[in-house]
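Before any comments, here is the structure.
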Amino acid sequence: MILEGIFNTIHMLHVNDLQTTFISKKESVTAVDGVSLRIPKGKVVGLVGESGSGKSVTAYSIMGLLPAHAKRTGEILWKGQDLTTLSDKKLQSIRGKEIALILQNPLAALNPVFTVGNQLVETIMLHHQVSKEEATARAIELLKRVQIPDPEKRFYQYPHEFSLGMCQRVMIALTVSMMPELLIADEPTASLDVTVQAQIMLLLKEIQAQDNMSILFISHDLGLIAQNCDYVYIMYLGHIVEEGAPSAIFHNPQHPYTQALIHAIPDPNPDNKMETLPIQGDIPSPMNIPKGCRFHTRCPKALDRCKTDVPIMQKKGDSISACWLE
Amino acid sequence: MPYLIKRLLSAIPLLIGITFISFSLMKLAPGDATSMYRDPSISQADIAQIRSNLGLDQPLVVQYAKWLNNTIHGNLGYSFVTGEPTSKAIGDRIGATLLLSCASFGIILVITFFLGLWSGYKKGSRFDDWVTIITFVGMSIPTFWLGLILILVFSLTLNVFPTSGYSNPFLSEASSLVRLGDIFHHMTLPLLTIVIGGVAGLTRYHRFGIISILNQDYIRAARARGISESIILFKHAFKNACLPIITILGLSLPGLISGSFVVEYIFAWPGLGQLGVQAVFARDYPIIMGTLLMSSVLIISGNLLADIAYAKIDPRIGTLS
Amino acid sequence: MNSIRQRVLGGIFLGLLFSLSACSSPTQTAQSDAILKLNIGANPSFLNPVLMTDSASSSVVGLVFDGLFKRNEDLDMEKELVKSYSVSKDGLTYTFRLRKGVKWHDGHPFTAEDVNYTFDVLLDPKTNTVRRGHFIINGNPIIFKVIDTHTIQATLPQPFAPFIATLDMGILPKHLLEGKDINTADFNRHPIGTGPFIFKDWKSGQFVTLKKNPHYFKGAPKLDGILMKIIPDPNTALMALQKNELDAAGIPAKDVPKIEKISYLDIYKYSRLNYSYIGLNVKKPPFDNLILRQAIDHAINKPAIIKSILKGYGEVAYIPSHPLSWAYPKSSDLVKHDYNPQTSETLIQSLGYKRHIKTNIYEKEGVPLSFTLIIAQGSPETQKMAQIIQQYLITSGIKMRIQVMEWSAFLKVIHSHQDPKPFDAVLLGWGFDITDPDDAYTSWHSSQYPKGGNFNGYQSAKADRLLEKGRVTISQKKRKKIYTEFFQTIGTDTPYIFLFHPQSITGIHKRVKGLSKPGPAGILTRIEQVYLED
Amino acid sequence: MSKKGWASIVFLCVIGGLALVVPMLPFWDPNSFDPNLLLEPHAPSWGHWMGTDDLNRDLLLRSIYGAQISLLVGLVSVFISITVGTFVGLLAGYFGGWVDTLSMRLVDIMMAIPAIFLILTIQVMFTPSIWNVILVIGFTGWMGVARLVRSEVLSIKERSFITAARARGIGTLSLIKRHILPHTINPIIVAATLGVGGAILTESVLSFLGLGVQPPHASWGNMLQNSLNYMGDAPWMAIVPGVLITLTVVSFNFIGDDLRGYFQHDSHASR
């Protein structure tokens, strides 16, 4: 397969035909429908899509953090072990230690009533057999490493006393403290200012390189993904519609949705008059999924066939996409 | 400190407002303390003399000003009905009320804590369904009805608890341990009556709190770090869930204080509520005002304590110093 | 000793609840001491015979203090602190010789100074007492004078037959109270008297305990002490009786069959000195009409009410007196309006009223025959009775509305100073305190309206004359004749619809012995002779 | 709406329907009885499905009339609390400044006076009647609503559509009426539903103290008070109204709870 060709490495994570459904008394909503992903060791894999496309649900499905009324089928192979079959206890021992998660709003992700130090020490002591003093020392060390000034003082402060960017640094410090093999970063910079965004991305890449982590980088920002990832998945309404190397996706997108996403990126150069096709309409509700190609309701080039038949993933150009268009 | 002082100072106009409004309401009600002795054989001259002795013939504002002035000087006056100093009458009763309300408070908190936590955590489960139904029924049962039924069942039929009262007077010579046991024996049924209603109401809030907290990102993030469910529940969720509970407790303090009066009435529990209600019926103004002042002070200081506790738990609220 | 409040409230129904206050009863013996456990139903107010106004206090005060006289089970005035007395020929000067050797509970000797002090305090306007009026006759106070340490003289402004009957009030110790403000003195909560029991402890809202006075001048009581519990709710009190937490408790009539089955309890039934009635406002339509008042009297089946409300424990009332009183007329001298709906309707029709076709209510000139009965809140029995009366009247074509009022509001209406007063009719129970027919004076003399006890506006020159004559006549035989005529006048004029005299029903533990003859004063009037059998 | 919610609605419809229809039928009078008979409570039988009270009156019939009064007291008094509370809350929240300070001080004062003293004192001032009970419960229960509405208004005031409306030159009155009030309606509906249950309970306490609805008219509260003397001998007298009060209050609470869940869900979805 093409993937092996590109990376030539082992896959840490292999998601196979994942389907996640939220069941309630009134109706069931399938937020992720047949997603397959591979994440090789030491690489950054991007997952792109509009909000509501099922990116975060994919992340939570992998972590086993879905609410009780959600149902998950398919395989999630982590180093050959199917996470969907593991007991809660087993899963707990993998979370954090092997697979970590960073969320979009770093302030909300920190418990407001405990100090930053408390939460760091708690995590360190959970994953490493160290004394409290040792954990404290390590925590301060970590704060230093994620470039938080005055870490000895900051250690005793509460999350609300930190700026958003600082909070995200704390979250990264928390992640680093666990030394995971895979980090799932769910829009880690979406709530940050552009300048801070760059700093955080830089920090993440640095950490990733130093620890040889794998990252599943989830974002709605195709530009950010293209700059930072080794491989990209495009997701629309619970389906993967296109995947490939960033260069391929960016320069020769096959799926109309990917093309639309790329065209939606504003170009700072006024001379570069590329035709911009704004995506029409809103993403349909997952409670009311269109038949056939899920994108046909918004696709400018939709054929009759698109309304009835579900396209399958096939290699086209340099990437793999799911579209009936020739 | 300035915060505390500011809060305390702001309580003063509140207290003046409370007492003035109550005083006026009380005076608008027909009759006064002397109407209790209107009997055909009592001469009108006697009644008029007593009214003037008690100062009841003066205008409302004058009476209030006098009361306020005396109160500021630490003199709450003498009961019209018993001639007893108001402070002593209240002092005699407040112990019983505090005992009953503090004990019920403590028990309610403990039961609520586990019940709310678990039903919130197991939201939608059979356990949660039952807790929901039971708490709703508990909230909806009329207190006096419940109290009477408890007496009927536990006291009269099963004969395990005394019907009423605070202690067995024969035990006044017994060791303090025996006497304490006796008080608790008497307290069981009134306590149960208060606890059933209290637990029901509070558990609802606690459950809500737990559910909304368990949906927060920081809980998800903590789980993603591999933190165990028990630590999540008892450390991360618990401390946050305390915040709404403290608010509710602060708000429901007036209800708890005045609500226990029905219970005090049924079980002949010699508390402040009983004193106050009897005083309302007897138009015993000094006692009414004393009781009101006392409960207002309790309520205001309870709210203050709630605020302090809130600030202590929630670092986001400005520090007190 | 009935308190004033009891007399009013007293009414029968509330009285039922508190009736125990006047009596006492025994309990099971868990302790070696012989302690009698009673319920006084409410927290006492002043444990001071001059200031108290409630029955709970009087229950305690009656055991701690002695009066100059005491009313015995036959309602006669018996000498207590008085050894002997004489009255001057003109009926104005009474000389009382007091017992010697009587000691206060603190050991101080009792003298005439104490008696003098007690009446001084009573007459002092600064004292908040409602008893002053008993000792002021037509605006002039009775004057007391100490003759020697054990003799005291009272001088009346005019002859006053009921004087002795007011002297059962407890006497206060001068040495403990002189110079203090009696209204707020601590004495009122730690009383010291000369009576058979010594005050021990009062836990507000819980209980009062008394212990025996070993030096009591009539001999030490056989009981070691008395525990007076404060259980306001009568149902709770009844449960406490069944659980042996009380030795005696008043029993609601409906519970008698249940209590009768309990082998260790005895039930005593005895008359109480009161009556229940509907007071009609005779100053105001519709009850300014005598025929209509009589029609209503005929419309109500009193024996049936006694059966329903009192389960038969009571007798029909015809006049404002009690069959046990010496002044009560012979049955043949009573004016009776027996239950007869037919007579009632005939009387109403004679006034020109016609039944309305639709509502079936009598009306005249388009105005329906209707009125409002006000009752005081607090007694379920009173409410029940009002509803029964309502049913009787509706059958007779009279519409009666019931208005329940809180006590103070209720009293404000009936004691309003306007003329006519703003009510149509009230349902009340009246008690007698002084067992002298003169107590009718305050309720029926026209001078007592609108300010005073004559709240329904009954004014009759004939009744006034008889009442004035009755209080200055000393001979009991002559007085009985006067009052018989007075009661006949009242019976004919029907200002009240008299309903019944209820009985007190007390359940008492069998091991309580030494009970006195059951009577209006209860069964524990000889408290010093009461004992507990093991 | 949950199963409990539907069951509650059905129950309340049945009770409410009976309470509405039965008193209009000319067959029975719940207050009348034959005073010449021996009057005592009778146990449930074919003639009287739920037994009779101490005056031989049918408990089922009285319960239905009682339902009418309890529901009336509950609904109307809550309507009053809601009206007053909304009015005060709107004024305080919208105008702020001294209006806010003054009205919130008043709320603080009213809330710090133990409710029962307030109600007792007011109630004894007037002659007890159904309408006074309603007024007293209504005028002592508005403070919570005022606080709720005020905080809603404060948060709505900050939202951009209000600024936009202002920018379009919309007057204060229609701004409040058309833009602010509709947004506070959901929490008000929830508070009202829960309040009805509370008001019914308060009425029963007042009746227990003899200050509620007066005889011969039946309310569940005074039926319960009446039953206290017969707890041991005629338990049905206590059980029938006691259970009815509990079920009705539970029903209102269930519905309120469902509504709260529904509106919360709704508002999350729309944001």
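Chain labels A, B, ... are given in the sequence in which chains occur in the structure tokens; within each chain residues are numbered consecutively from 1, and ligands are likewise numbered from 1 in the order shown.
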Per residue of chain C within 7 Å of chain D, record the nearest atom pair and its distance in Å to one decimal, counting only C-alpha atoms, with rows in chain order and ascending residue number, as CSV.
```
residue,atom,partner,partner_atom,distance
C:Asn235,CA,D:Asn229,CA,6.5
C:Ala304,CA,D:Asn36,CA,5.9
C:Lys307,CA,D:Leu38,CA,7.0
C:Ser308,CA,D:Leu39,CA,5.3
C:Gln377,CA,D:Gly210,CA,6.0
C:Gly378,CA,D:Gly210,CA,6.1
C:Pro380,CA,D:Asn226,CA,6.8
C:Gln387,CA,D:Pro216,CA,6.3
C:Ile388,CA,D:Pro35,CA,5.7
C:Gln391,CA,D:Pro35,CA,6.4
C:Tyr392,CA,D:Pro35,CA,6.7
C:Val404,CA,D:Gln214,CA,6.6
C:Met405,CA,D:Thr127,CA,6.0
C:Glu406,CA,D:Val124,CA,6.0
```
To test your reading of the structure, identify every residue in segment 80-253 of chain A that backbone DSSP assigns to helix (DSSP H, G or I), and report it as a ChimeraX atom specification.
/A:83-85,88-94,106-109,116-127,132-145,151-154,159-161,164-178,194-211,222-228,246-251
Between C:Tyr449, C:Phe207, C:Tyr531, C:Tyr353, which is the closest to Leu38 of chain C once you count only C-alpha atoms?
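Answer, going by the shortest atom-to-atom distance: C:Phe207.
Proximity to Leu148 of chain B was assessed for C:Gly107, C:Thr236, C:Ala425, C:Thr95 counting only C-alpha atoms; the smallest distance is recorded for C:Thr236.
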Taking only C-alpha atoms into account, which residues of chain D are within 6 Å of chain B, as a PDB file with N, CA and C atoms, in the first residue's frame?
```pdb
ATOM      1  N   ILE D 109     -33.975  41.252  52.312  1.00  0.00           N
ATOM      2  CA  ILE D 109     -34.707  41.376  53.573  1.00  0.00           C
ATOM      3  C   ILE D 109     -35.815  40.331  53.632  1.00  0.00           C
ATOM      4  N   ALA D 112     -34.495  36.933  54.238  1.00  0.00           N
ATOM      5  CA  ALA D 112     -33.864  36.647  55.523  1.00  0.00           C
ATOM      6  C   ALA D 112     -34.889  36.539  56.646  1.00  0.00           C
ATOM      7  N   PRO D 114     -37.636  34.506  58.219  1.00  0.00           N
ATOM      8  CA  PRO D 114     -38.121  33.144  58.026  1.00  0.00           C
ATOM      9  C   PRO D 114     -39.551  33.167  57.479  1.00  0.00           C
ATOM     10  N   MET D 125     -53.336  38.851  60.190  1.00  0.00           N
ATOM     11  CA  MET D 125     -53.836  40.218  60.024  1.00  0.00           C
ATOM     12  C   MET D 125     -55.176  40.234  59.315  1.00  0.00           C
ATOM     13  N   THR D 246     -49.083  14.523  48.123  1.00  0.00           N
ATOM     14  CA  THR D 246     -47.766  14.057  47.722  1.00  0.00           C
ATOM     15  C   THR D 246     -47.724  13.796  46.217  1.00  0.00           C
ATOM     16  N   VAL D 249     -47.883  17.112  44.172  1.00  0.00           N
ATOM     17  CA  VAL D 249     -46.646  17.879  44.241  1.00  0.00           C
ATOM     18  C   VAL D 249     -45.542  17.150  43.466  1.00  0.00           C
ATOM     19  N   VAL D 250     -45.487  15.834  43.636  1.00  0.00           N
ATOM     20  CA  VAL D 250     -44.497  15.061  42.885  1.00  0.00           C
ATOM     21  C   VAL D 250     -44.695  15.279  41.387  1.00  0.00           C
TER      22      VAL D 250
END
```
Mind dumping a table of every chain B residue within 10 Å of chain A, with the nearest atom pair and its distance in Å to one decimal, using only C-alpha atoms, sorted by chain and rising number, as JSON lines?
```
{"residue": "B:Lys122", "atom": "CA", "partner": "A:Ala68", "partner_atom": "CA", "distance": 9.1}
{"residue": "B:Lys123", "atom": "CA", "partner": "A:Ala68", "partner_atom": "CA", "distance": 9.0}
{"residue": "B:Gly124", "atom": "CA", "partner": "A:Ala68", "partner_atom": "CA", "distance": 9.3}
{"residue": "B:Leu214", "atom": "CA", "partner": "A:Pro67", "partner_atom": "CA", "distance": 9.9}
{"residue": "B:Asn215", "atom": "CA", "partner": "A:Pro67", "partner_atom": "CA", "distance": 8.8}
{"residue": "B:Gln216", "atom": "CA", "partner": "A:Ala108", "partner_atom": "CA", "distance": 7.2}
{"residue": "B:Asp217", "atom": "CA", "partner": "A:Ala109", "partner_atom": "CA", "distance": 4.7}
{"residue": "B:Tyr218", "atom": "CA", "partner": "A:Ala109", "partner_atom": "CA", "distance": 3.7}
{"residue": "B:Ile219", "atom": "CA", "partner": "A:Ala109", "partner_atom": "CA", "distance": 7.3}
{"residue": "B:Arg220", "atom": "CA", "partner": "A:Leu65", "partner_atom": "CA", "distance": 7.1}
{"residue": "B:Ala221", "atom": "CA", "partner": "A:Ala109", "partner_atom": "CA", "distance": 5.7}
{"residue": "B:Ala222", "atom": "CA", "partner": "A:Ala109", "partner_atom": "CA", "distance": 8.0}
{"residue": "B:Arg223", "atom": "CA", "partner": "A:Arg95", "partner_atom": "CA", "distance": 7.5}
{"residue": "B:Ala224", "atom": "CA", "partner": "A:Arg95", "partner_atom": "CA", "distance": 5.4}
{"residue": "B:Arg225", "atom": "CA", "partner": "A:Gly96", "partner_atom": "CA", "distance": 3.9}
{"residue": "B:Gly226", "atom": "CA", "partner": "A:Arg95", "partner_atom": "CA", "distance": 4.6}
{"residue": "B:Ile227", "atom": "CA", "partner": "A:Gln92", "partner_atom": "CA", "distance": 7.2}
{"residue": "B:Ser228", "atom": "CA", "partner": "A:Gln92", "partner_atom": "CA", "distance": 7.0}
{"residue": "B:Glu229", "atom": "CA", "partner": "A:Gln92", "partner_atom": "CA", "distance": 9.1}
{"residue": "B:Ile231", "atom": "CA", "partner": "A:Glu122", "partner_atom": "CA", "distance": 10.0}
{"residue": "B:Lys235", "atom": "CA", "partner": "A:Phe114", "partner_atom": "CA", "distance": 9.5}
{"residue": "B:His236", "atom": "CA", "partner": "A:Asn111", "partner_atom": "CA", "distance": 7.0}
{"residue": "B:Ala237", "atom": "CA", "partner": "A:Asn111", "partner_atom": "CA", "distance": 9.0}
{"residue": "B:Lys239", "atom": "CA", "partner": "A:Val113", "partner_atom": "CA", "distance": 7.1}
{"residue": "B:Asn240", "atom": "CA", "partner": "A:Val113", "partner_atom": "CA", "distance": 6.8}
{"residue": "B:Lys312", "atom": "CA", "partner": "A:Val113", "partner_atom": "CA", "distance": 9.6}
{"residue": "B:Ile313", "atom": "CA", "partner": "A:Val113", "partner_atom": "CA", "distance": 6.6}
{"residue": "B:Asp314", "atom": "CA", "partner": "A:Val113", "partner_atom": "CA", "distance": 5.6}
{"residue": "B:Pro315", "atom": "CA", "partner": "A:Val113", "partner_atom": "CA", "distance": 6.1}
{"residue": "B:Arg316", "atom": "CA", "partner": "A:His160", "partner_atom": "CA", "distance": 6.5}
```
With only C-alpha atoms as the counted atoms, please give the residues lying no more than 10 Å from Asp464 of chain C, apart from itself and same-chain residues fewer than 2 positions off, as a JSON list (two decimals) with all heavy atoms, in the first residue's frame.
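Wrote around28.json, looks like this:
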```
[["chain", "number", "residue", "atom", "x", "y", "z"],
["C", 441, "TYR", "N", -72.84, 39.21, 86.15],
["C", 441, "TYR", "CA", -72.92, 40.67, 86.08],
["C", 441, "TYR", "C", -72.13, 41.22, 84.89],
["C", 441, "TYR", "O", -72.63, 42.00, 84.10],
["C", 441, "TYR", "CB", -72.40, 41.26, 87.39],
["C", 441, "TYR", "CG", -72.58, 42.75, 87.51],
["C", 441, "TYR", "CD1", -73.73, 43.30, 88.08],
["C", 441, "TYR", "CD2", -71.60, 43.63, 87.06],
["C", 441, "TYR", "CE1", -73.91, 44.67, 88.18],
["C", 441, "TYR", "CE2", -71.77, 45.00, 87.16],
["C", 441, "TYR", "CZ", -72.92, 45.52, 87.73],
["C", 441, "TYR", "OH", -73.08, 46.87, 87.83],
["C", 444, "TRP", "N", -73.82, 40.31, 81.47],
["C", 444, "TRP", "CA", -75.21, 40.64, 81.14],
["C", 444, "TRP", "C", -75.66, 42.03, 81.56],
["C", 444, "TRP", "O", -76.69, 42.51, 81.11],
["C", 444, "TRP", "CB", -76.15, 39.60, 81.78],
["C", 444, "TRP", "CG", -75.83, 38.21, 81.36],
["C", 444, "TRP", "CD1", -75.21, 37.26, 82.10],
["C", 444, "TRP", "CD2", -76.07, 37.63, 80.08],
["C", 444, "TRP", "NE1", -75.05, 36.12, 81.37],
["C", 444, "TRP", "CE2", -75.57, 36.32, 80.11],
["C", 444, "TRP", "CE3", -76.65, 38.10, 78.89],
["C", 444, "TRP", "CZ2", -75.62, 35.46, 79.03],
["C", 444, "TRP", "CZ3", -76.72, 37.25, 77.81],
["C", 444, "TRP", "CH2", -76.20, 35.94, 77.89],
["C", 445, "HIS", "N", -74.96, 42.68, 82.45],
["C", 445, "HIS", "CA", -75.40, 44.00, 82.89],
["C", 445, "HIS", "C", -75.19, 45.01, 81.77],
["C", 445, "HIS", "O", -74.18, 44.97, 81.07],
["C", 445, "HIS", "CB", -74.63, 44.43, 84.15],
["C", 445, "HIS", "CG", -75.27, 45.58, 84.85],
["C", 445, "HIS", "ND1", -75.00, 46.88, 84.52],
["C", 445, "HIS", "CD2", -76.19, 45.63, 85.86],
["C", 445, "HIS", "CE1", -75.72, 47.69, 85.30],
["C", 445, "HIS", "NE2", -76.46, 46.95, 86.12],
["C", 446, "SER", "N", -76.16, 45.91, 81.61],
["C", 446, "SER", "CA", -76.09, 46.81, 80.45],
["C", 446, "SER", "C", -74.92, 47.78, 80.55],
["C", 446, "SER", "O", -74.48, 48.33, 79.55],
["C", 446, "SER", "CB", -77.40, 47.56, 80.25],
["C", 446, "SER", "OG", -77.76, 48.21, 81.46],
["C", 447, "SER", "N", -74.40, 47.99, 81.78],
["C", 447, "SER", "CA", -73.24, 48.89, 81.89],
["C", 447, "SER", "C", -72.00, 48.28, 81.25],
["C", 447, "SER", "O", -71.01, 48.96, 81.02],
["C", 447, "SER", "CB", -72.95, 49.18, 83.37],
["C", 447, "SER", "OG", -72.53, 47.97, 84.00],
["C", 459, "GLN", "N", -79.38, 44.22, 76.63],
["C", 459, "GLN", "CA", -79.64, 45.24, 77.64],
["C", 459, "GLN", "C", -81.09, 45.13, 78.07],
["C", 459, "GLN", "O", -82.00, 45.30, 77.26],
["C", 459, "GLN", "CB", -79.33, 46.63, 77.09],
["C", 459, "GLN", "CG", -77.82, 46.86, 77.04],
["C", 459, "GLN", "CD", -77.43, 48.12, 76.32],
["C", 459, "GLN", "OE1", -78.03, 48.46, 75.31],
["C", 459, "GLN", "NE2", -76.42, 48.80, 76.82],
["C", 460, "SER", "N", -81.29, 44.81, 79.36],
["C", 460, "SER", "CA", -82.65, 44.66, 79.85],
["C", 460, "SER", "C", -82.71, 45.27, 81.24],
["C", 460, "SER", "O", -81.89, 44.95, 82.11],
["C", 460, "SER", "CB", -83.02, 43.17, 79.88],
["C", 460, "SER", "OG", -83.84, 42.89, 80.99],
["C", 461, "ALA", "N", -83.64, 46.15, 81.41],
["C", 461, "ALA", "CA", -83.76, 46.84, 82.71],
["C", 461, "ALA", "C", -84.04, 45.84, 83.82],
["C", 461, "ALA", "O", -83.51, 45.95, 84.93],
["C", 461, "ALA", "CB", -84.87, 47.88, 82.64],
["C", 462, "LYS", "N", -84.82, 44.82, 83.48],
["C", 462, "LYS", "CA", -85.18, 43.83, 84.48],
["C", 462, "LYS", "C", -83.94, 43.04, 84.92],
["C", 462, "LYS", "O", -83.68, 42.87, 86.11],
["C", 462, "LYS", "CB", -86.23, 42.89, 83.90],
["C", 462, "LYS", "CG", -86.83, 41.95, 84.93],
["C", 462, "LYS", "CD", -87.92, 41.08, 84.28],
["C", 462, "LYS", "CE", -88.44, 40.06, 85.28],
["C", 462, "LYS", "NZ", -89.13, 38.96, 84.59],
["C", 466, "LEU", "N", -82.08, 42.87, 88.69],
["C", 466, "LEU", "CA", -81.86, 41.63, 89.42],
["C", 466, "LEU", "C", -80.38, 41.43, 89.73],
["C", 466, "LEU", "O", -80.00, 40.99, 90.81],
["C", 466, "LEU", "CB", -82.40, 40.45, 88.61],
["C", 466, "LEU", "CG", -83.92, 40.41, 88.47],
["C", 466, "LEU", "CD1", -84.35, 39.46, 87.37],
["C", 466, "LEU", "CD2", -84.55, 40.01, 89.81],
["C", 467, "LEU", "N", -79.52, 41.75, 88.75],
["C", 467, "LEU", "CA", -78.07, 41.57, 88.95],
["C", 467, "LEU", "C", -77.57, 42.49, 90.06],
["C", 467, "LEU", "O", -76.75, 42.08, 90.90],
["C", 467, "LEU", "CB", -77.32, 41.87, 87.65],
["C", 467, "LEU", "CG", -77.38, 40.78, 86.59],
["C", 467, "LEU", "CD1", -76.80, 41.28, 85.27],
["C", 467, "LEU", "CD2", -76.61, 39.54, 87.05],
["C", 468, "GLU", "N", -78.05, 43.73, 90.05],
["C", 468, "GLU", "CA", -77.60, 44.68, 91.08],
["C", 468, "GLU", "C", -78.06, 44.23, 92.46],
["C", 468, "GLU", "O", -77.31, 44.32, 93.43],
["C", 468, "GLU", "CB", -78.16, 46.08, 90.78],
["C", 468, "GLU", "CG", -77.42, 46.78, 89.65],
["C", 468, "GLU", "CD", -78.26, 47.83, 88.94],
["C", 468, "GLU", "OE1", -79.27, 48.30, 89.54],
["C", 468, "GLU", "OE2", -77.93, 48.15, 87.79],
["C", 469, "LYS", "N", -79.26, 43.70, 92.51],
["C", 469, "LYS", "CA", -79.80, 43.23, 93.78],
["C", 469, "LYS", "C", -79.02, 42.00, 94.26],
["C", 469, "LYS", "O", -78.69, 41.88, 95.43],
["C", 469, "LYS", "CB", -81.29, 42.88, 93.61],
["C", 469, "LYS", "CG", -82.11, 42.98, 94.87],
["C", 469, "LYS", "CD", -83.60, 42.95, 94.51],
["C", 469, "LYS", "CE", -84.41, 42.22, 95.56],
["C", 469, "LYS", "NZ", -85.70, 41.76, 95.01],
["C", 470, "GLY", "N", -78.72, 41.13, 93.35],
["C", 470, "GLY", "CA", -78.05, 39.87, 93.69],
["C", 470, "GLY", "C", -76.69, 40.08, 94.34],
["C", 470, "GLY", "O", -76.31, 39.37, 95.26],
["C", 486, "PHE", "N", -83.66, 35.96, 87.33],
["C", 486, "PHE", "CA", -82.74, 36.47, 86.31],
["C", 486, "PHE", "C", -82.53, 35.45, 85.19],
["C", 486, "PHE", "O", -82.62, 35.78, 84.00],
["C", 486, "PHE", "CB", -81.39, 36.82, 86.97],
["C", 486, "PHE", "CG", -80.28, 37.05, 85.98],
["C", 486, "PHE", "CD1", -80.24, 38.23, 85.22],
["C", 486, "PHE", "CD2", -79.30, 36.09, 85.77],
["C", 486, "PHE", "CE1", -79.23, 38.43, 84.30],
["C", 486, "PHE", "CE2", -78.29, 36.30, 84.84],
["C", 486, "PHE", "CZ", -78.25, 37.47, 84.11]]
```
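Neighbours of Ser271 of chain C closer than or equal to 10 Å, with only C-alpha atoms counted and sequence neighbours fewer than 3 positions away skipped, come out as Asn274, Tyr313, Gly314, Glu315, His322, Pro323, Leu324, His501, Pro502, Gln503, Ser504, Ile505, Pro518, Gly519, Pro520, Ala521 and Gly522 of chain C.
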Write out the residues from the selection above, keeping N, CA and C atoms, as a CSV table (one decimal), in the first residue's frame.
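Once written, again_12.csv looks like this:
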```
chain,number,residue,atom,x,y,z
C,274,ASN,N,-68.4,24.9,82.7
C,274,ASN,CA,-68.6,25.8,81.6
C,274,ASN,C,-69.7,25.4,80.7
C,313,TYR,N,-70.9,12.7,76.4
C,313,TYR,CA,-70.4,13.2,77.7
C,313,TYR,C,-70.6,14.7,77.9
C,314,GLY,N,-71.9,15.0,78.2
C,314,GLY,CA,-72.3,16.3,78.5
C,314,GLY,C,-73.7,16.4,78.7
C,315,GLU,N,-74.2,17.6,79.1
C,315,GLU,CA,-75.7,17.8,79.2
C,315,GLU,C,-76.1,19.1,78.6
C,322,HIS,N,-74.4,26.6,85.9
C,322,HIS,CA,-74.1,25.2,85.8
C,322,HIS,C,-75.0,24.4,86.8
C,323,PRO,N,-75.5,23.3,86.5
C,323,PRO,CA,-76.3,22.5,87.4
C,323,PRO,C,-75.6,22.3,88.7
C,324,LEU,N,-74.3,22.3,88.8
C,324,LEU,CA,-73.7,22.1,90.1
C,324,LEU,C,-73.7,23.3,91.0
C,501,HIS,N,-73.3,21.7,78.5
C,501,HIS,CA,-72.2,21.7,79.5
C,501,HIS,C,-71.4,20.4,79.2
C,502,PRO,N,-70.1,20.5,78.9
C,502,PRO,CA,-69.4,19.3,78.6
C,502,PRO,C,-68.8,18.7,79.9
C,503,GLN,N,-68.4,17.5,79.7
C,503,GLN,CA,-67.7,16.8,80.8
C,503,GLN,C,-66.2,16.7,80.5
C,504,SER,N,-65.4,16.7,81.6
C,504,SER,CA,-64.0,16.4,81.4
C,504,SER,C,-63.9,14.9,81.5
C,505,ILE,N,-63.0,14.4,80.6
C,505,ILE,CA,-62.7,13.0,80.7
C,505,ILE,C,-61.2,12.9,80.9
C,518,PRO,N,-64.5,13.1,92.1
C,518,PRO,CA,-64.4,13.8,90.8
C,518,PRO,C,-65.4,15.0,90.8
C,519,GLY,N,-64.9,16.1,90.4
C,519,GLY,CA,-65.8,17.3,90.3
C,519,GLY,C,-65.1,18.3,89.4
C,520,PRO,N,-65.8,19.4,89.3
C,520,PRO,CA,-65.3,20.4,88.4
C,520,PRO,C,-63.8,20.8,88.7
C,521,ALA,N,-63.4,20.6,89.9
C,521,ALA,CA,-62.0,21.0,90.2
C,521,ALA,C,-61.0,19.9,89.9
C,522,GLY,N,-61.5,18.8,89.3
C,522,GLY,CA,-60.6,17.7,89.0
C,522,GLY,C,-60.7,16.6,90.0
```
Residues near Asp76 of chain C, cut-off 12 Å, only C-alpha atoms, skip fewer than 2 positions along chain, as an NGL selection string:
:C and (69-74 or 78-79 or 164-165 or 168 or 324-326 or 434-436 or 519-521)
